[in-house]
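Trainee: Pasting final38.txt here (compact mmCIF, C-alpha atoms and all ligand atoms):
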```
# COMPACT_ATOMS: atom_id res chain seq x y z
CA MET A 1388 33.87 -61.58 -12.78
CA THR A 1389 34.23 -57.81 -12.98
CA GLY A 1390 33.15 -56.23 -9.70
CA ALA A 1391 32.57 -52.56 -8.96
CA LEU A 1392 35.58 -50.23 -9.06
CA MET A 1393 36.32 -49.36 -5.40
CA PRO A 1394 33.27 -51.36 -4.25
CA ASP A 1395 33.43 -50.20 -0.62
CA LEU A 1396 32.72 -46.61 -1.61
CA TRP A 1397 29.28 -46.97 -3.16
CA GLU A 1398 26.08 -48.39 -1.75
CA PRO A 1399 23.45 -48.72 -4.47
CA ALA A 1400 20.26 -50.08 -2.89
CA GLY A 1401 19.71 -52.34 -5.90
CA THR A 1402 20.75 -52.59 -9.52
CA TYR A 1403 21.21 -48.99 -10.62
CA LEU A 1404 21.58 -48.51 -14.39
CA ASN A 1405 20.63 -44.88 -14.70
CA THR A 1406 23.79 -42.80 -14.31
CA ALA A 1407 22.87 -40.97 -17.54
CA SER A 1408 20.03 -39.50 -15.43
CA TYR A 1409 21.97 -39.04 -12.18
CA GLY A 1410 25.06 -40.62 -10.65
CA LEU A 1411 25.37 -42.01 -7.13
CA PRO A 1412 27.71 -40.39 -4.59
CA PRO A 1413 30.62 -42.28 -3.02
CA ARG A 1414 30.60 -42.55 0.77
CA PRO A 1415 33.22 -39.80 1.47
CA ALA A 1416 31.06 -37.32 -0.50
CA TRP A 1417 27.92 -38.34 1.35
CA ASP A 1418 29.68 -38.08 4.72
CA ALA A 1419 31.17 -34.67 3.92
CA LEU A 1420 27.75 -33.41 2.88
CA GLN A 1421 26.06 -34.67 6.08
CA GLU A 1422 28.75 -33.00 8.17
CA ALA A 1423 28.32 -29.67 6.38
CA LEU A 1424 24.54 -29.86 6.67
CA ASP A 1425 24.86 -30.60 10.35
CA ASP A 1426 27.15 -27.60 10.82
CA TRP A 1427 24.65 -25.49 8.92
CA ARG A 1428 21.70 -26.67 11.02
CA GLY A 1429 23.54 -25.99 14.22
CA GLY A 1430 25.13 -22.71 13.05
CA ARG A 1431 28.43 -24.17 14.22
CA THR A 1432 30.85 -22.52 11.83
CA SER A 1433 31.44 -19.52 9.63
CA TRP A 1434 30.85 -20.05 5.88
CA GLU A 1435 34.10 -19.21 4.10
CA HIS A 1436 35.45 -22.77 4.14
CA TRP A 1437 32.33 -23.97 2.28
CA GLY A 1438 33.82 -22.19 -0.75
CA THR A 1439 36.99 -24.30 -0.69
CA PRO A 1440 35.51 -27.52 -2.14
CA GLY A 1441 34.33 -25.59 -5.22
CA GLU A 1442 37.95 -24.59 -5.83
CA GLU A 1443 39.12 -28.18 -5.28
CA ALA A 1444 36.47 -29.48 -7.67
CA ARG A 1445 37.45 -26.86 -10.28
CA ALA A 1446 41.07 -28.02 -10.04
CA SER A 1447 40.09 -31.71 -10.26
CA PHE A 1448 37.88 -31.05 -13.27
CA ALA A 1449 40.72 -29.14 -14.94
CA ARG A 1450 43.08 -32.09 -14.41
CA LEU A 1451 40.47 -34.55 -15.66
CA VAL A 1452 40.14 -32.67 -18.95
CA GLY A 1453 43.81 -31.63 -19.20
CA VAL A 1454 43.61 -27.83 -18.93
CA PRO A 1455 44.82 -25.26 -16.35
CA PRO A 1456 42.27 -24.47 -13.60
CA GLU A 1457 42.41 -20.78 -14.63
CA THR A 1458 40.54 -21.75 -17.80
CA VAL A 1459 37.63 -23.37 -15.94
CA ALA A 1460 34.52 -21.53 -14.70
CA ILE A 1461 32.03 -23.04 -12.27
CA GLY A 1462 28.29 -22.52 -12.23
CA ALA A 1463 25.03 -24.26 -11.45
CA THR A 1464 23.83 -25.48 -14.86
CA VAL A 1465 25.13 -26.20 -18.33
CA SER A 1466 22.40 -24.02 -19.84
CA GLY A 1467 23.46 -21.07 -17.66
CA LEU A 1468 27.12 -21.41 -18.63
CA ILE A 1469 26.39 -21.95 -22.33
CA GLY A 1470 24.03 -18.97 -22.12
CA LEU A 1471 27.06 -16.73 -21.48
CA ILE A 1472 28.67 -17.99 -24.70
CA ALA A 1473 25.52 -17.76 -26.81
CA ALA A 1474 24.78 -14.23 -25.57
CA SER A 1475 28.29 -13.13 -26.53
CA VAL A 1476 28.63 -14.48 -30.08
CA PRO A 1477 28.37 -11.73 -32.72
CA ASP A 1478 25.00 -10.85 -34.30
CA GLY A 1479 24.28 -13.10 -37.27
CA THR A 1480 26.38 -16.01 -35.98
CA ARG A 1481 25.63 -19.23 -37.89
CA MET A 1482 25.55 -22.21 -35.55
CA LEU A 1483 25.58 -25.87 -36.60
CA ALA A 1484 24.39 -28.69 -34.30
CA PRO A 1485 23.19 -32.32 -34.44
CA ASP A 1486 19.49 -32.76 -35.16
CA VAL A 1487 18.76 -34.56 -31.87
CA GLU A 1488 20.56 -32.35 -29.39
CA PHE A 1489 19.81 -31.64 -25.74
CA THR A 1490 18.08 -28.30 -25.23
CA SER A 1491 20.54 -27.01 -22.60
CA LEU A 1492 22.95 -26.54 -25.50
CA LEU A 1493 20.40 -25.47 -28.13
CA PHE A 1494 18.03 -23.10 -26.34
CA PRO A 1495 20.75 -20.63 -25.29
CA PHE A 1496 21.53 -20.12 -29.01
CA LEU A 1497 17.89 -20.26 -30.16
CA VAL A 1498 16.98 -17.40 -27.81
CA GLN A 1499 19.50 -15.25 -29.69
CA GLN A 1500 17.56 -15.53 -32.96
CA HIS A 1501 16.21 -11.96 -32.60
CA ARG A 1502 19.72 -10.68 -33.36
CA GLY A 1503 20.21 -12.90 -36.37
CA VAL A 1504 21.86 -15.91 -34.69
CA SER A 1505 20.77 -18.94 -36.75
CA VAL A 1506 20.83 -22.63 -35.87
CA ARG A 1507 21.12 -25.34 -38.55
CA LEU A 1508 20.61 -28.97 -37.54
CA VAL A 1509 22.10 -32.00 -39.33
CA PRO A 1510 22.30 -35.72 -38.43
CA ALA A 1511 25.02 -36.20 -35.78
CA ARG A 1512 27.27 -38.33 -37.96
CA GLU A 1513 27.21 -35.73 -40.76
CA LEU A 1514 28.44 -32.97 -38.43
CA PRO A 1515 32.16 -33.01 -39.42
CA GLY A 1516 31.35 -32.95 -43.16
CA GLU A 1517 28.92 -30.05 -42.74
CA ILE A 1518 31.51 -27.79 -41.11
CA GLY A 1519 32.58 -25.29 -43.73
CA PRO A 1520 32.93 -21.58 -44.54
CA ASP A 1521 29.22 -20.97 -43.87
CA VAL A 1522 29.52 -22.06 -40.19
CA ASP A 1523 30.73 -19.87 -37.31
CA VAL A 1524 30.03 -22.15 -34.33
CA VAL A 1525 29.59 -25.91 -34.06
CA ALA A 1526 27.86 -27.03 -30.86
CA PHE A 1527 27.29 -30.67 -29.95
CA SER A 1528 27.21 -33.22 -27.14
CA ALA A 1529 30.33 -35.38 -26.82
CA VAL A 1530 27.96 -38.24 -25.96
CA GLN A 1531 24.29 -37.98 -26.86
CA MET A 1532 21.91 -38.47 -23.93
CA ALA A 1533 19.16 -39.91 -26.15
CA SER A 1534 21.28 -42.45 -28.04
CA GLY A 1535 24.57 -42.90 -26.19
CA GLU A 1536 26.37 -42.12 -29.46
CA VAL A 1537 29.93 -40.84 -28.99
CA ALA A 1538 30.69 -37.88 -31.28
CA ASP A 1539 33.63 -38.12 -33.66
CA LEU A 1540 35.69 -35.67 -31.62
CA ASP A 1541 38.78 -35.96 -33.86
CA ALA A 1542 36.91 -35.29 -37.09
CA ILE A 1543 34.91 -32.39 -35.63
CA SER A 1544 37.92 -30.68 -34.08
CA LEU A 1545 39.95 -31.10 -37.29
CA ALA A 1546 37.18 -29.74 -39.54
CA ALA A 1547 36.54 -26.86 -37.13
CA ALA A 1548 40.23 -25.93 -37.01
CA GLU A 1549 40.42 -26.00 -40.82
CA HIS A 1550 37.52 -23.53 -41.16
CA ASP A 1551 38.24 -21.46 -38.03
CA VAL A 1552 34.92 -22.48 -36.49
CA MET A 1553 34.28 -22.07 -32.76
CA THR A 1554 33.66 -25.42 -31.03
CA VAL A 1555 31.20 -25.64 -28.11
CA VAL A 1556 30.92 -29.07 -26.49
CA ASP A 1557 28.39 -30.30 -23.95
CA ALA A 1558 30.32 -33.08 -22.22
CA THR A 1559 27.75 -33.81 -19.49
CA GLN A 1560 27.26 -37.40 -20.68
CA ALA A 1561 30.99 -37.93 -21.23
CA ILE A 1562 33.26 -36.52 -18.54
CA GLY A 1563 33.67 -39.07 -15.77
CA TRP A 1564 33.87 -42.06 -18.11
CA LEU A 1565 35.22 -40.86 -21.48
CA PRO A 1566 38.70 -39.30 -21.72
CA LEU A 1567 38.27 -35.86 -23.27
CA HIS A 1568 40.97 -33.23 -23.80
CA ALA A 1569 39.20 -29.92 -23.39
CA SER A 1570 42.14 -27.98 -24.86
CA ARG A 1571 41.08 -29.24 -28.31
CA PHE A 1572 37.84 -27.24 -28.11
CA ASP A 1573 36.97 -23.60 -27.48
CA VAL A 1574 34.33 -24.36 -24.87
CA VAL A 1575 33.58 -27.57 -22.96
CA ALA A 1576 30.71 -27.47 -20.47
CA ALA A 1577 29.55 -30.33 -18.26
CA HIS A 1578 27.16 -30.82 -15.41
CA GLY A 1579 28.59 -32.90 -12.56
CA TYR A 1580 25.46 -34.74 -11.44
CA LYS A 1581 25.70 -37.66 -13.84
CA TRP A 1582 29.03 -39.38 -14.59
CA LEU A 1583 30.87 -37.14 -12.09
CA MET A 1584 28.45 -38.47 -9.43
CA SER A 1585 27.97 -35.11 -7.75
CA PRO A 1586 24.85 -33.26 -6.65
CA ARG A 1587 22.88 -31.19 -9.14
CA GLY A 1588 24.08 -27.58 -9.14
CA THR A 1589 27.74 -28.35 -9.86
CA ALA A 1590 28.58 -27.44 -13.46
CA TYR A 1591 31.89 -26.60 -15.13
CA MET A 1592 32.96 -24.84 -18.30
CA SER A 1593 36.45 -24.74 -19.73
CA ILE A 1594 37.17 -21.99 -22.19
CA ARG A 1595 40.16 -21.41 -24.42
CA PRO A 1596 41.99 -18.34 -23.05
CA GLU A 1597 41.89 -16.53 -26.45
CA ARG A 1598 38.08 -16.70 -26.35
CA LEU A 1599 37.65 -15.50 -22.77
CA GLY A 1600 37.87 -11.78 -23.58
CA ASP A 1601 34.94 -12.07 -26.03
CA ILE A 1602 32.54 -13.44 -23.42
CA VAL A 1603 30.43 -10.92 -21.50
CA PRO A 1604 30.22 -12.10 -17.86
CA THR A 1605 26.55 -11.19 -17.51
CA THR A 1606 26.15 -13.23 -14.31
CA ALA A 1607 29.13 -11.63 -12.53
CA GLY A 1608 28.79 -10.93 -8.84
CA TRP A 1609 31.14 -10.98 -5.86
CA TYR A 1610 32.33 -14.47 -6.81
CA ALA A 1611 33.60 -13.33 -10.23
CA GLY A 1612 36.36 -11.29 -8.57
CA GLU A 1613 39.95 -12.56 -8.40
CA ASP A 1614 39.56 -13.05 -4.66
CA PRO A 1615 35.84 -13.21 -3.90
CA LEU A 1616 36.45 -12.24 -0.28
CA GLU A 1617 37.84 -8.91 -1.55
CA THR A 1618 34.99 -8.06 -3.92
CA PHE A 1619 32.05 -7.61 -1.58
CA PHE A 1620 31.30 -3.91 -1.99
CA GLY A 1621 31.06 -1.11 -4.48
CA PRO A 1622 32.58 -0.21 -7.83
CA PRO A 1623 34.77 -0.22 -9.75
CA LEU A 1624 34.09 -3.44 -11.63
CA ARG A 1625 37.00 -5.74 -10.80
CA LEU A 1626 36.67 -9.13 -12.43
CA ALA A 1627 39.16 -11.97 -12.27
CA ASP A 1628 41.51 -12.23 -15.26
CA SER A 1629 40.89 -15.96 -15.37
CA ALA A 1630 37.76 -17.91 -16.33
CA ARG A 1631 36.44 -17.46 -12.81
CA ARG A 1632 35.11 -14.11 -14.07
CA LEU A 1633 32.33 -16.31 -15.52
CA ASP A 1634 31.63 -18.04 -12.17
CA THR A 1635 28.40 -17.74 -10.29
CA SER A 1636 28.51 -17.85 -6.50
CA PRO A 1637 28.65 -21.51 -5.49
CA ALA A 1638 25.79 -23.52 -3.96
CA TRP A 1639 28.11 -24.41 -1.06
CA PHE A 1640 26.81 -27.78 0.05
CA MET A 1641 26.64 -29.22 -3.43
CA TRP A 1642 30.33 -28.51 -3.91
CA VAL A 1643 31.14 -30.04 -0.52
CA ALA A 1644 29.97 -33.36 -2.02
CA ALA A 1645 31.44 -32.76 -5.49
CA ALA A 1646 35.08 -32.26 -4.45
CA PRO A 1647 35.67 -35.66 -2.77
CA THR A 1648 33.90 -37.43 -5.62
CA LEU A 1649 36.10 -35.88 -8.28
CA ALA A 1650 39.17 -36.72 -6.17
CA ILE A 1651 38.06 -40.38 -6.17
CA ILE A 1652 37.50 -40.32 -9.95
CA GLU A 1653 41.04 -38.99 -10.35
CA GLU A 1654 42.34 -41.73 -8.08
CA VAL A 1655 40.53 -44.50 -9.96
CA GLY A 1656 41.54 -42.93 -13.29
CA VAL A 1657 39.29 -42.20 -16.25
CA GLU A 1658 40.96 -44.84 -18.42
CA ALA A 1659 40.15 -47.57 -15.89
CA ILE A 1660 36.59 -46.24 -15.72
CA THR A 1661 36.26 -46.28 -19.53
CA ARG A 1662 37.42 -49.89 -19.65
CA HIS A 1663 35.11 -50.93 -16.82
CA ASP A 1664 32.00 -49.09 -18.06
CA VAL A 1665 32.34 -50.02 -21.73
CA ALA A 1666 33.11 -53.67 -20.89
CA LEU A 1667 29.90 -53.91 -18.86
CA ALA A 1668 27.90 -52.11 -21.56
CA ASN A 1669 29.29 -54.50 -24.18
CA ARG A 1670 28.56 -57.56 -22.03
CA PHE A 1671 24.98 -56.32 -21.84
CA ARG A 1672 24.90 -55.66 -25.60
CA ALA A 1673 26.24 -59.15 -26.29
CA GLY A 1674 23.49 -60.63 -24.11
CA LEU A 1675 20.93 -58.76 -26.21
CA GLY A 1676 22.56 -59.87 -29.47
CA LEU A 1677 23.88 -56.36 -30.27
CA GLU A 1678 27.27 -55.52 -31.79
CA PRO A 1679 29.84 -54.08 -29.34
CA SER A 1680 30.15 -50.28 -29.19
CA ASN A 1681 32.36 -47.60 -27.64
CA SER A 1682 29.73 -46.18 -25.27
CA ALA A 1683 28.81 -46.64 -21.60
CA ILE A 1684 25.17 -46.05 -22.57
CA VAL A 1685 23.14 -48.82 -24.24
CA MET A 1686 19.87 -48.21 -26.09
CA SER A 1687 17.78 -51.29 -26.75
CA ASP A 1688 14.34 -52.32 -27.91
CA ALA A 1689 13.64 -55.41 -25.77
CA PRO A 1690 9.82 -55.70 -25.67
CA GLY A 1691 8.24 -54.69 -22.33
CA ALA A 1692 11.72 -53.96 -20.96
CA ALA A 1693 10.87 -50.92 -18.86
CA GLU A 1694 7.98 -52.71 -17.11
CA LYS A 1695 10.03 -55.86 -16.45
CA LEU A 1696 12.92 -53.87 -14.96
CA ALA A 1697 10.58 -51.76 -12.84
CA VAL A 1698 8.97 -54.90 -11.38
CA ALA A 1699 12.43 -56.30 -10.58
CA GLY A 1700 13.44 -53.00 -8.94
CA ILE A 1701 16.14 -52.28 -11.55
CA GLN A 1702 16.57 -48.58 -12.21
CA ALA A 1703 16.93 -47.61 -15.88
CA ALA A 1704 15.32 -45.05 -18.19
CA VAL A 1705 13.23 -44.88 -21.34
CA ARG A 1706 14.18 -42.29 -23.96
CA GLY A 1707 12.35 -41.96 -27.26
CA GLY A 1708 10.46 -45.19 -26.49
CA ARG A 1709 13.72 -47.18 -26.12
CA LEU A 1710 15.30 -48.63 -22.98
CA ARG A 1711 18.40 -46.68 -21.89
CA THR A 1712 20.78 -48.39 -19.50
CA SER A 1713 23.98 -46.67 -18.38
CA TRP A 1714 26.92 -48.50 -16.79
CA HIS A 1715 29.32 -46.93 -14.31
CA VAL A 1716 31.83 -47.58 -11.54
CA TYR A 1717 29.38 -49.15 -9.06
CA ASN A 1718 28.03 -51.65 -11.61
CA THR A 1719 29.23 -55.22 -11.88
CA GLU A 1720 28.98 -58.18 -14.21
CA SER A 1721 26.33 -59.59 -11.92
CA ASP A 1722 24.23 -56.46 -12.60
CA VAL A 1723 24.53 -57.25 -16.31
CA ASP A 1724 23.60 -60.90 -15.87
CA ARG A 1725 20.73 -60.14 -13.51
CA THR A 1726 19.31 -57.54 -15.92
CA LEU A 1727 19.60 -59.89 -18.89
CA GLY A 1728 17.87 -62.58 -16.85
CA VAL A 1729 14.99 -60.24 -15.97
CA LEU A 1730 14.62 -59.10 -19.60
CA SER A 1731 14.56 -62.64 -20.96
CA GLY A 1732 12.02 -63.80 -18.35
C1 LIG B 1801 23.71 -33.65 -22.47
C2 LIG B 1801 23.14 -32.95 -21.28
N1 LIG B 1801 23.49 -31.68 -21.04
C3 LIG B 1801 23.02 -31.01 -19.97
C4 LIG B 1801 22.15 -31.61 -19.09
C5 LIG B 1801 21.67 -30.82 -17.91
O1 LIG B 1801 21.49 -29.48 -18.28
P1 LIG B 1801 21.37 -28.30 -17.23
O2 LIG B 1801 22.66 -28.25 -16.50
O3 LIG B 1801 21.14 -27.10 -18.06
O4 LIG B 1801 20.21 -28.63 -16.35
C6 LIG B 1801 21.73 -32.91 -19.31
C7 LIG B 1801 20.74 -33.57 -18.45
O5 LIG B 1801 20.10 -34.54 -18.81
C8 LIG B 1801 22.26 -33.61 -20.43
O6 LIG B 1801 21.93 -34.89 -20.67
```
Represent the supplied structure as C-alpha cells.
Ligand SMILES: Cc1ncc(COP(=O)(O)O)c(C=O)c1O
Mentor:
Amino acid sequence: MTGALMPDLWEPAGTYLNTASYGLPPRPAWDALQEALDDWRGGRTSWEHWGTPGEEARASFARLVGVPPETVAIGATVSGLIGLIAASVPDGTRMLAPDVEFTSLLFPFLVQQHRGVSVRLVPARELPGEIGPDVDVVAFSAVQMASGEVADLDAISLAAAEHDVMTVVDATQAIGWLPLHASRFDVVAAHGYKWLMSPRGTAYMSIRPERLGDIVPTTAGWYAGEDPLETFFGPPLRLADSARRLDTSPAWFMWVAAAPTLAIIEEVGVEAITRHDVALANRFRAGLGLEPSNSAIVMSDAPGAAEKLAVAGIQAAVRGGRLRTSWHVYNTESDVDRTLGVLSG
C-alpha cells in the first residue's frame, strides 16, 4: 500500500483531501514558525534574520521551476504580482484566457479596460488554437482550480512562440506537484499556500529577463533595492537589477515557515510527488468508475458526497456543485479506500 511521502513530517488530524484550498505544513516548518513567534512575543531578537527565509524560499522556488533566482520576485498574493504585469502591458493589449479562469489572474487585466486592454475568453482546451496574430497576451492557470484540468503547456507555449504572444501562467494549483519549467513562459506566478504547503502570504513570480524592463515596479519600497538593508532612506530611486525590484517587503513569519517546506519538497522531488499524488487520485477515480487522468485534483458527482464526507470528518471541497478532492504528499491509499467506503455507504 502507498503510504504518505515522508510520513513522519506531517500530522493531519484526519483524512485531509483539500490541498487545492490550502496545504498542510510539515513539522520543521511548524516548529520554525513557533520559534519565530516566540522570539517575537518575547522581543528576544533583532529582525534582520527573519528576511533570510524569504531568500531561501525564493532560491528553492527558482530551482523547483528551473530558473535563476534573479528572475524570481516574491510578494504576498498572485493577484498583486499579476497586477504589476497587467498594469504594465501597453494600452490596447488584447488578452486571451480560458472561460473559467480564477479571478486573481483575470481581474488585474480587467481593471485595465479603461485604457483599451481587452480580455477574450475561450474554452480552456481551445486556448492553443485561438492564439494568433490578434492576441498579445495569453493568460491561464497551469491547473484549473475548478476542474483540476491540466493545461496543454506544450501546445500553448509553442503557439505563443510562433505568434510572439506574451505568456502569463498562474501555477498556484500546479507547482509543488506538477513539474513545470518556468523558462518556457514569460511570467509564472504561484501562491505557496496550497501545493507548496506554506502559509498564505508567500507568493512567487518568475519573469523572463527580457520582459523585466517593461514592468513598472509600482509596489517598490525598501525591499525592492539590491540590498534592502541599504535602501532605507531618501532618493535617488535605486532598484535592484534583478526581479527583486518587483518584490514587496516580506511578511516575515510566513516565510519562516515557507523556506523549510520548500526545502523538503526539493528533497522529496517533484517527480516523486507527481507519481504519488496522481496515483492516489487515479485510485480514487477508479473506485468511482472514472477514467484515469493526469491530475492530482479529482472532480466527481457522487450524490450527497459533501454531506457524507463532512459527517465522516473528511475534509474536501465543493466547487461548481461538484465534489473536489485533492491528493498530496500526506495522503495514503488508506485515505482513498476510506473515502470510497464513506461515499458508497
Ligand atoms: C489558481 C489560483 N490562483 C490564485 C489563487 C490565490 O490568489 P491570491 O494569491 O490572489 O489570493 C488561488 C486560490 O484559490 C487559485 O486557486
Trainee: Taking all atoms listed in the file and a cut-off of 7 Å, can you tell me which residues surround ligand LIG 1801 (chain B), written as a list in words?
Mentor: Ala1407, Ser1408, Ala1463, Thr1464, Val1465, Ser1466, Gly1467, Phe1489, Ser1491, Leu1492, Ser1528, Gln1531, Met1532, Asp1557, Ala1558, Thr1559, Gln1560, Ala1577, His1578 and Ala1590 of chain A
Trainee: Compare A:Phe1448, A:Trp1437, A:Tyr1580, A:Phe1620 by their minimum atom-to-atom distance to A:Thr1406, counting only C-alpha atoms, and give me the closest one.
Mentor: A:Tyr1580
Trainee: Would you compute the distance between atom CA of A:Met1393 and atom CA of A:Ile1651? Give it in Å to one decimal.
Mentor: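 Spanning atom CA of A:Met1393 to atom CA of A:Ile1651 is a straight-line distance of 9.2 Å.
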Trainee: If I take atom CA of A:Asp1634 and atom CA of A:Pro1647, how far is one from the other in Å, to one decimal?
Mentor: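 About the pair atom CA of A:Asp1634 and atom CA of A:Pro1647: they are 20.4 Å apart.
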Trainee: When you draw a straight line from atom CA of A:Arg1711 to atom CA of A:Gly1535, how long is it in Å?
Mentor: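 Spanning atom CA of A:Arg1711 to atom CA of A:Gly1535 is a straight-line distance of 8.4 Å.
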Trainee: Which residues are close to A:Val1487, i.e. within 12 Å by all atoms listed in the file, leaving aside same-chain residues fewer than 6 positions away? Reply as a list in words.
Mentor: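 Listed by chain and then number, they are Leu1493, Arg1507, Leu1508, Val1509, Pro1510, Ala1511, Arg1512, Leu1514, Ala1526, Phe1527, Ser1528, Val1530, Gln1531, Met1532, Ala1533, Ser1534, Gly1535, Glu1536, Arg1706 and Gly1707 of chain A.
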Trainee: Out of A:Pro1679, A:Ser1687, A:Glu1488, A:Ala1561, which residue has the shortest atom-to-atom distance to A:Val1537 when counting all atoms listed in the file?
Mentor: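 Answer, going by the shortest atom-to-atom distance: A:Ala1561.
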Trainee: Could you pull out every residue with an atom within 12 Å of (38.3, -48.9, -19.8), file coordinates, counting only C-alpha atoms, and send them as a PyMOL selection string?
Mentor: chain A and resi 1389+1392+1563-1566+1655-1669+1681-1683+1714-1716
Trainee: Those residues with C-alpha atoms, as a short mmCIF file (atom, residue, chain, number, x, y, z; two decimals), in the frame of the given file please?
Mentor:
```cif
data_model
loop_
_atom_site.label_atom_id
_atom_site.label_comp_id
_atom_site.auth_asym_id
_atom_site.auth_seq_id
_atom_site.Cartn_x
_atom_site.Cartn_y
_atom_site.Cartn_z
CA THR A 1389 34.23 -57.81 -12.98
CA LEU A 1392 35.58 -50.23 -9.06
CA GLY A 1563 33.67 -39.07 -15.77
CA TRP A 1564 33.87 -42.06 -18.11
CA LEU A 1565 35.22 -40.86 -21.48
CA PRO A 1566 38.70 -39.30 -21.72
CA VAL A 1655 40.53 -44.50 -9.96
CA GLY A 1656 41.54 -42.93 -13.29
CA VAL A 1657 39.29 -42.20 -16.25
CA GLU A 1658 40.96 -44.84 -18.42
CA ALA A 1659 40.15 -47.57 -15.89
CA ILE A 1660 36.59 -46.24 -15.72
CA THR A 1661 36.26 -46.28 -19.53
CA ARG A 1662 37.42 -49.89 -19.65
CA HIS A 1663 35.11 -50.93 -16.82
CA ASP A 1664 32.00 -49.09 -18.06
CA VAL A 1665 32.34 -50.02 -21.73
CA ALA A 1666 33.11 -53.67 -20.89
CA LEU A 1667 29.90 -53.91 -18.86
CA ALA A 1668 27.90 -52.11 -21.56
CA ASN A 1669 29.29 -54.50 -24.18
CA ASN A 1681 32.36 -47.60 -27.64
CA SER A 1682 29.73 -46.18 -25.27
CA ALA A 1683 28.81 -46.64 -21.60
CA TRP A 1714 26.92 -48.50 -16.79
CA HIS A 1715 29.32 -46.93 -14.31
CA VAL A 1716 31.83 -47.58 -11.54
#
```
Trainee: Restricting the calculation to only C-alpha atoms, which member of A:Arg1571, A:Thr1719, A:Gly1430, A:Leu1633 is positioned closest to A:Arg1670?
Mentor: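 Once distances to A:Arg1670 are computed over only C-alpha atoms, the minimum belongs to A:Thr1719.
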Trainee: Given all atoms listed in the file as the basis, pick out the residue of A:Thr1458, A:Thr1490, A:Ser1570, A:Ser1585 nearest to A:Asp1628.
Mentor: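 So, comparing all the options, the nearest one is A:Thr1458.
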Trainee: From the set A:Asn1405, A:Thr1606, A:Thr1432, A:Thr1480, which residue has the shortest atom-to-atom contact distance to A:Arg1632, counting all atoms listed in the file?
Mentor: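 Closest to A:Arg1632, using all atoms listed in the file: A:Thr1606.
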Trainee: Could you check which of A:Asp1523, A:Glu1613, A:Glu1653, A:Asp1539 is closest to A:Gly1453, using all atoms listed in the file?
Mentor: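 Among the listed residues, the smallest separation from A:Gly1453 belongs to A:Glu1653.
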